[in-house]
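See below for the structure under consideration.
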Amino acid sequence: MPRVEFQCADIISDPGLRKPIDDYPSEIREVKRAYVLRGPTQQALGFTYPHKWQSGEWRSFQHHWFGKYDWLDNVFAKIGYEQWKKALEKFDKHAASQSHYNSRLNCDDFMNQRTSVARKFEKHTMEEENRYKIRLTPSIDVARFLIMQADAFRGHDESSTSLNKGTYREMIDWYKDKVETVKDAYNNGYKNCQMLSPDIQKDITKACAEEVTAVILDEIHGRKFSVLIDESRDVSIKEQMAMILRFVNDEGKVMERFLGLKHTEKCTSVALKEALLSMISSHKLSISKLRGQGYDGASNMRGEFNGVQKLIRDENPYAFYVHCFAHQLQLVVVAVSTSTPAIADFFNYVPLIVNTVGASCMRKDVLLAKHHDKLLEKVENCEIATGRGLNQKNSLARPGDTRWGSHLKHCFEVLEILKKDSIKLTCNGGAFGLIGKIETFDFVFILHLMIELLSITDNLSRALQRKDQDIVEAMHLIMGVKERLQDTRDNGWEPLFKRVKSFYDKNQIKVPNMDKEVNARGTSARRRQKVTNMHFYHVEIFLAAIDAILTEMNHRFSDVSSELLVCMATLNPNSSSFDVDRLVRLAEIYAEDFDVGHILLLRSELKEFHVRVRNNKEFFGCTELSKVAEIMVKTKMNTSYPLVYRLIELTLILPLSLIKTDLHNKMGDEWLNDLMICYVEKEIFRSITNEKNHTTV
C-alpha cells in the first residue's frame, strides 16, 4: 500500500476544522510529535467564550485561567466541558493527580527524543554527543548557505562513487577536508547518523522556517493585520497560494511578512476561503484581527478570489477588500498598447527590433559601445549621476521592461549602422525591413508619445510597489497622474509635435505634409473618407491614446471614490485635506475598533493632534502617513493620542500591492514552503543563530 503522507500544515488550531488525530494511521509517529510541538491550543486575549446559565447567572470560561493552568488545551479533547461553576475545583483535582504527573513526564520525554534515548542507552556517551553537535553544525551552515542563495540541495547521483553528489553533500565533503575536527566527527561517529540524508536536509530547513515564522508571529503579537494573497502555478501544474501579512510594528513601521505557501487542490471560492482560514488558524492568528484583504486580480483564480473576499467579509465585515493598485496600473498600461491599430502595430515591431539587435554579438557590442560613449559624454557634462546601480553597462532589455523607450532609440541607431553590412538580410525580415518601418513618421511619433505617457505612469508604478507605501499617499499619487495626463491632453500636443519634427530634421528625414488629405485608416474604400495627416496624428493617435489611458485609469481605480478610501485620504495631518468629520466617519466604519465612547473622544483628540503636529518641527516636510506613524512612536505621541494612532494603523495596513511568486519546482509542498519562508525573509533568517536551530532540529 502507498505510504500515507502527513503534512504539518494539516494541523490547525481550530478543533472544528482540523482532522482528528485518531483518523491518522497509528504508524505515523510524527503526527503526535507535531501536535505536541505546536503547543497548547489557547484562544487569543479578547476572544468571546460562550456563556451558559448556571445557578442563576451566566457563566463561561475565563481567559486568565490559561495563566494558572498552562496545560489547558483542546488538542486531544473529544467532548467539551461546560460546568464552569466547579471548573477551578476540577482543574486543581486533575493537576494533583498521578496520571497528570505521568503524562507531563512522558510528554517531556517525547518532545526531547535525544534526551530520552540518552537516558535509556548508556552507550550514548558525552563524547558521541559532542560529535553529533560537530556534525550538525556544518549541516546547518551548508543548508543556510544554500537557502540564502536559492540553490538546489540534491544531485542526480548521490552515491559514494559519484563525482558530483549534489551541492549539499559536496559542500559537506569540502567542509570535512578543511576542518580536521569535522572530518573526525564524521569518520568516527555513528554511520547511521551522518546528518546527510534528504530527510535531515528537510528537517534542518523546517527548523529554520519555524524559527523565522516564530519571529514574525512575535512581531504581530495580537496586532491587527491584512492579508495579501497571490497564486501561481509551478512546473508540476500545482496551484500554489502565497500569503503575506501586512501590519504596523512597535516602531510604527509598515511591515510585510511572508507567511507561507499553501497547495490548493480546488480553485473554488469555498476551497480558497478554507485554505486561507487554515493558514491563519495554523499560525494561531485570529480572523477577528483581520482588517484588510488583497488578491492578484490577474491570476487563474481571479474570479474565485472575488468570491473569497465576500466569504471572508461574511465572517469578518471589517476585513475590507481593496484591489492591488500596482497591478491595476499595469493593466492600464497594457490597455494603451492596443488603444489604436497604429499603436498596436508599433508594439508588434518592438520584439523584432530587439531580437534583430540581440541575435548578433557584433551588433550588440556596437550598441553598447555607442551607449557607453554617450554615457561618458553626459557624465562629463554633469547631465547624469554615477554610482552603484546608476547608468551601468548592461545587456539589452526586452520589450515590456520599464525602461524600454531608451532601448528603442538605441535600436534605431544600431540598425542605421547595420545598413551597409546587411546585404545578406532580406528587406522583409531583416534590418532593411525594420529600418524602413522605424523611419516612418508613424513609428517615431508613437515612440515619442509612448515615452512621454509611460514615463508618467512609471513613477507611479515604482511608488506603488514600495512596501511602506500607504493608501493615503497612493491616492494622491493616482490623482496626480490623472491631472498630468489631462494636462498633456489639453496642452501637450504642440510640444510633442515639435519634438518629433526636430528629431526628423536632426536626422535629415523628410516630414510628411500635415495638411495633405489621405484616406482615413480603418474605413471602407468605398466611403472614400478623407482626413488630413494632422487630424490623424492629433485625433486618432494622440488623443485616442490619452483618452484610452484616462478611461482605463478611471475604471481600474474606481475604488478610490469609495467612502472608506475618501475618508482615509483626509488623514495626513500635514495636508490641507485633513478633515475631522470624515475621520470620525472613518472610525464609525471601523465599529469593531471604536465604540461609542471612543467616537465621542476622537473628535477633540483629532483637533488637538492636528494643532500639535503643525507646530512640531519633527513633522515638518513629512508628507507620508507611514512616516507620521514612525514619528508618533518616536516622540511617544502614539500613547498621547491612542485613538488617532489606531486610525493611522488601520489605514496603513490596508493592502496596496502584491509580491509575485514565480515557482519552478517539482519538490514537495512542505519543503518548498519552508525554503520560501527562509529565502523571502532573509533579514530575519540571517539574524537567527545556529544555537536556535540546534535546539529545534
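Letters A, B, ... go to the chains of the C-alpha cells in the order shown; residues in each chain start at 1; ligands are counted from 1 in the same order.
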
Checklist line | Contacts of Leu606 in chain A within 12 Å, only C-alpha atoms, excl. fewer than 4 positions in-chain, as an MDAnalysis selection string | finding: chainID A and resid 570:573 578:584 587 598:602 610:613 640:648

Writing out the chosen residues with N, CA, C and O atoms as a tab-separated table (two decimals), in the first residue's frame:
chain	number	residue	atom	x	y	z
A	570	THR	N	-8.07	61.84	3.94
A	570	THR	CA	-8.02	63.08	4.71
A	570	THR	C	-7.23	62.94	6.00
A	570	THR	O	-7.29	63.81	6.86
A	571	LEU	N	-6.47	61.86	6.15
A	571	LEU	CA	-5.86	61.54	7.44
A	571	LEU	C	-4.52	62.22	7.68
A	571	LEU	O	-4.15	62.47	8.83
A	572	ASN	N	-3.77	62.54	6.64
A	572	ASN	CA	-2.43	63.11	6.85
A	572	ASN	C	-2.54	64.50	7.46
A	572	ASN	O	-3.09	65.41	6.85
A	573	PRO	N	-2.00	64.71	8.66
A	573	PRO	CA	-2.15	66.00	9.34
A	573	PRO	C	-1.40	67.14	8.68
A	573	PRO	O	-1.68	68.31	8.95
A	578	PHE	N	-6.89	67.48	5.50
A	578	PHE	CA	-7.21	66.91	6.81
A	578	PHE	C	-8.62	67.33	7.22
A	578	PHE	O	-8.93	68.52	7.31
A	579	ASP	N	-9.48	66.34	7.47
A	579	ASP	CA	-10.91	66.60	7.69
A	579	ASP	C	-11.38	65.79	8.90
A	579	ASP	O	-11.48	64.57	8.83
A	580	VAL	N	-11.68	66.48	10.00
A	580	VAL	CA	-12.08	65.81	11.23
A	580	VAL	C	-13.38	65.05	11.06
A	580	VAL	O	-13.53	63.91	11.53
A	581	ASP	N	-14.35	65.65	10.37
A	581	ASP	CA	-15.66	65.00	10.19
A	581	ASP	C	-15.52	63.67	9.45
A	581	ASP	O	-16.14	62.66	9.83
A	582	ARG	N	-14.73	63.66	8.40
A	582	ARG	CA	-14.56	62.42	7.63
A	582	ARG	C	-13.76	61.38	8.42
A	582	ARG	O	-14.00	60.17	8.28
A	583	LEU	N	-12.85	61.83	9.24
A	583	LEU	CA	-12.08	60.88	10.05
A	583	LEU	C	-12.94	60.27	11.15
A	583	LEU	O	-12.76	59.10	11.51
A	584	VAL	N	-13.85	61.04	11.69
A	584	VAL	CA	-14.80	60.48	12.66
A	584	VAL	C	-15.69	59.45	11.96
A	584	VAL	O	-15.99	58.39	12.52
A	587	ALA	N	-13.82	56.23	11.63
A	587	ALA	CA	-13.86	55.46	12.88
A	587	ALA	C	-15.19	54.73	13.02
A	587	ALA	O	-15.25	53.60	13.53
A	598	HIS	N	-15.36	55.98	22.33
A	598	HIS	CA	-14.19	56.38	21.53
A	598	HIS	C	-14.57	57.44	20.50
A	598	HIS	O	-13.80	58.39	20.27
A	599	ILE	N	-15.72	57.27	19.87
A	599	ILE	CA	-16.16	58.22	18.85
A	599	ILE	C	-16.32	59.61	19.45
A	599	ILE	O	-15.95	60.63	18.83
A	600	LEU	N	-16.87	59.68	20.67
A	600	LEU	CA	-17.07	60.97	21.32
A	600	LEU	C	-15.74	61.64	21.65
A	600	LEU	O	-15.61	62.87	21.55
A	601	LEU	N	-14.74	60.86	22.03
A	601	LEU	CA	-13.43	61.41	22.37
A	601	LEU	C	-12.58	61.73	21.15
A	601	LEU	O	-11.69	62.59	21.21
A	602	LEU	N	-12.83	61.03	20.06
A	602	LEU	CA	-11.96	61.12	18.89
A	602	LEU	C	-11.92	62.52	18.29
A	602	LEU	O	-10.86	63.00	17.89
A	610	HIS	N	-3.90	67.58	15.43
A	610	HIS	CA	-3.62	68.36	14.22
A	610	HIS	C	-2.83	69.62	14.55
A	610	HIS	O	-1.84	69.96	13.88
A	611	VAL	N	-3.25	70.31	15.60
A	611	VAL	CA	-2.56	71.54	16.01
A	611	VAL	C	-1.13	71.23	16.44
A	611	VAL	O	-0.18	71.93	16.07
A	612	ARG	N	-0.97	70.17	17.21
A	612	ARG	CA	0.36	69.84	17.72
A	612	ARG	C	1.32	69.44	16.60
A	612	ARG	O	2.50	69.83	16.61
A	613	VAL	N	0.84	68.70	15.63
A	613	VAL	CA	1.69	68.27	14.51
A	613	VAL	C	2.12	69.47	13.69
A	613	VAL	O	3.29	69.56	13.27
A	640	SER	N	-0.09	59.38	23.65
A	640	SER	CA	-0.85	60.59	23.97
A	640	SER	C	-2.13	60.67	23.16
A	640	SER	O	-3.15	61.19	23.63
A	641	TYR	N	-2.08	60.16	21.92
A	641	TYR	CA	-3.24	60.19	21.03
A	641	TYR	C	-3.52	58.78	20.52
A	641	TYR	O	-3.33	58.48	19.34
A	642	PRO	N	-3.92	57.89	21.41
A	642	PRO	CA	-4.08	56.47	21.02
A	642	PRO	C	-5.15	56.24	19.96
A	642	PRO	O	-5.00	55.35	19.12
A	643	LEU	N	-6.22	57.00	19.99
A	643	LEU	CA	-7.30	56.80	19.01
A	643	LEU	C	-6.86	57.25	17.62
A	643	LEU	O	-7.18	56.61	16.62
A	644	VAL	N	-6.13	58.36	17.56
A	644	VAL	CA	-5.60	58.83	16.28
A	644	VAL	C	-4.62	57.81	15.72
A	644	VAL	O	-4.65	57.48	14.52
A	645	TYR	N	-3.74	57.31	16.58
A	645	TYR	CA	-2.76	56.32	16.13
A	645	TYR	C	-3.45	55.05	15.65
A	645	TYR	O	-3.01	54.42	14.68
A	646	ARG	N	-4.55	54.67	16.31
A	646	ARG	CA	-5.30	53.49	15.88
A	646	ARG	C	-5.87	53.69	14.48
A	646	ARG	O	-5.84	52.78	13.65
A	647	LEU	N	-6.36	54.89	14.20
A	647	LEU	CA	-6.87	55.19	12.85
A	647	LEU	C	-5.75	55.09	11.81
A	647	LEU	O	-5.93	54.53	10.72
A	648	ILE	N	-4.59	55.66	12.16
A	648	ILE	CA	-3.45	55.62	11.24
A	648	ILE	C	-3.01	54.19	11.00
A	648	ILE	O	-2.72	53.78	9.86

(Q) Please return, as a ChimeraX atom specification, all residues of range 155-275 of chain A that DSSP assigns to alpha helix (DSSP H) on the basis of the backbone. (A) /A:167-178,180-188,198-220,269-275

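Among A:Thr689, A:Thr457, A:Asn316, A:Ser502, the residue with the shortest atom-to-atom distance to Glu592 in chain A, counting only C-alpha atoms, is A:Asn316.
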
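The smallest atom-to-atom distance between Asn690 in chain A and any of A:Leu72, A:Val142, A:Ala95, A:Ile220, using only C-alpha atoms, is found for A:Val142.
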
Nearest to Leu654 in chain A, restricted to only C-alpha atoms and choosing among A:Ile631, A:Val227, A:Leu477, A:Val215, comes out as A:Val227

Exercise. Just how far from CA of Leu464 in chain A is CA of Ile677 in chain A, in Å to one decimal?
Worked result: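 We find that CA of Ile677 in chain A and CA of Leu464 in chain A lie 23.6 Å from each other.
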
Using only C-alpha atoms, which residues sit within 10 Å of Asp515 in chain A once same-chain residues fewer than 6 positions away are excluded, as a PyMOL selection string? chain A and resi 531-535

- Ala520 in chain A environment, 8 Å, only C-alpha atoms, sequence neighbours closer than 5 positions dropped, as a list of chain:residue names: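 Counting only C-alpha atoms, the residues come to A:Arg528, A:Gln529, A:Lys530, A:Val531, A:Phe536.
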
Problem - 8 Å contact set for range 202-207 of chain A, only C-alpha atoms, chain neighbours under 2 positions out, as a VMD selection string - result: chain A and resid 140 143 to 144 198 to 200 209 to 211 671 674 to 675 693 696 to 697

**Shell of 7 Å around Val182 in chain A, only C-alpha atoms, local chain residues under 4 positions omitted, as a PyMOL selection string** = chain A and resi 134-135+176+186

Determine which residues of range 49-270 of chain A receive a DSSP assignment of strand (DSSP E), computed from the backbone, and state them as a ChimeraX atom specification. /A:52-54,57-59,225-233,239-248,254-263

Using only C-alpha atoms, determine which residues lie at most 7 Å from Asn673 in chain A, disregarding the query and same-chain residues fewer than 4 positions distant; provide the list as a ChimeraX atom specification. /A:260-261,669,677

Same residues, N, CA and C atoms, saved as an mmCIF file, in the first residue's frame:
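Result file is result-v7.cif:
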data_model
loop_
_atom_site.group_PDB
_atom_site.id
_atom_site.type_symbol
_atom_site.label_atom_id
_atom_site.label_comp_id
_atom_site.auth_asym_id
_atom_site.auth_seq_id
_atom_site.Cartn_x
_atom_site.Cartn_y
_atom_site.Cartn_z
ATOM 1 N N GLY A 260 3.751 31.995 4.149
ATOM 2 C CA GLY A 260 3.923 30.641 3.632
ATOM 3 C C GLY A 260 3.133 30.395 2.362
ATOM 4 N N LEU A 261 3.288 29.160 1.850
ATOM 5 C CA LEU A 261 2.590 28.697 0.653
ATOM 6 C C LEU A 261 1.576 27.639 1.039
ATOM 7 N N ASP A 669 5.380 19.972 -1.217
ATOM 8 C CA ASP A 669 4.778 21.238 -0.806
ATOM 9 C C ASP A 669 5.415 21.794 0.462
ATOM 10 N N ILE A 677 9.918 30.511 2.935
ATOM 11 C CA ILE A 677 9.851 31.359 4.137
ATOM 12 C C ILE A 677 11.237 31.900 4.476
#

task: Grab the CA of Glu439 in chain A to CA of Ile541 in chain A distance for me, in Å with one decimal place.
output: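 One can read the CA of Glu439 in chain A to CA of Ile541 in chain A distance as 17.6 Å.
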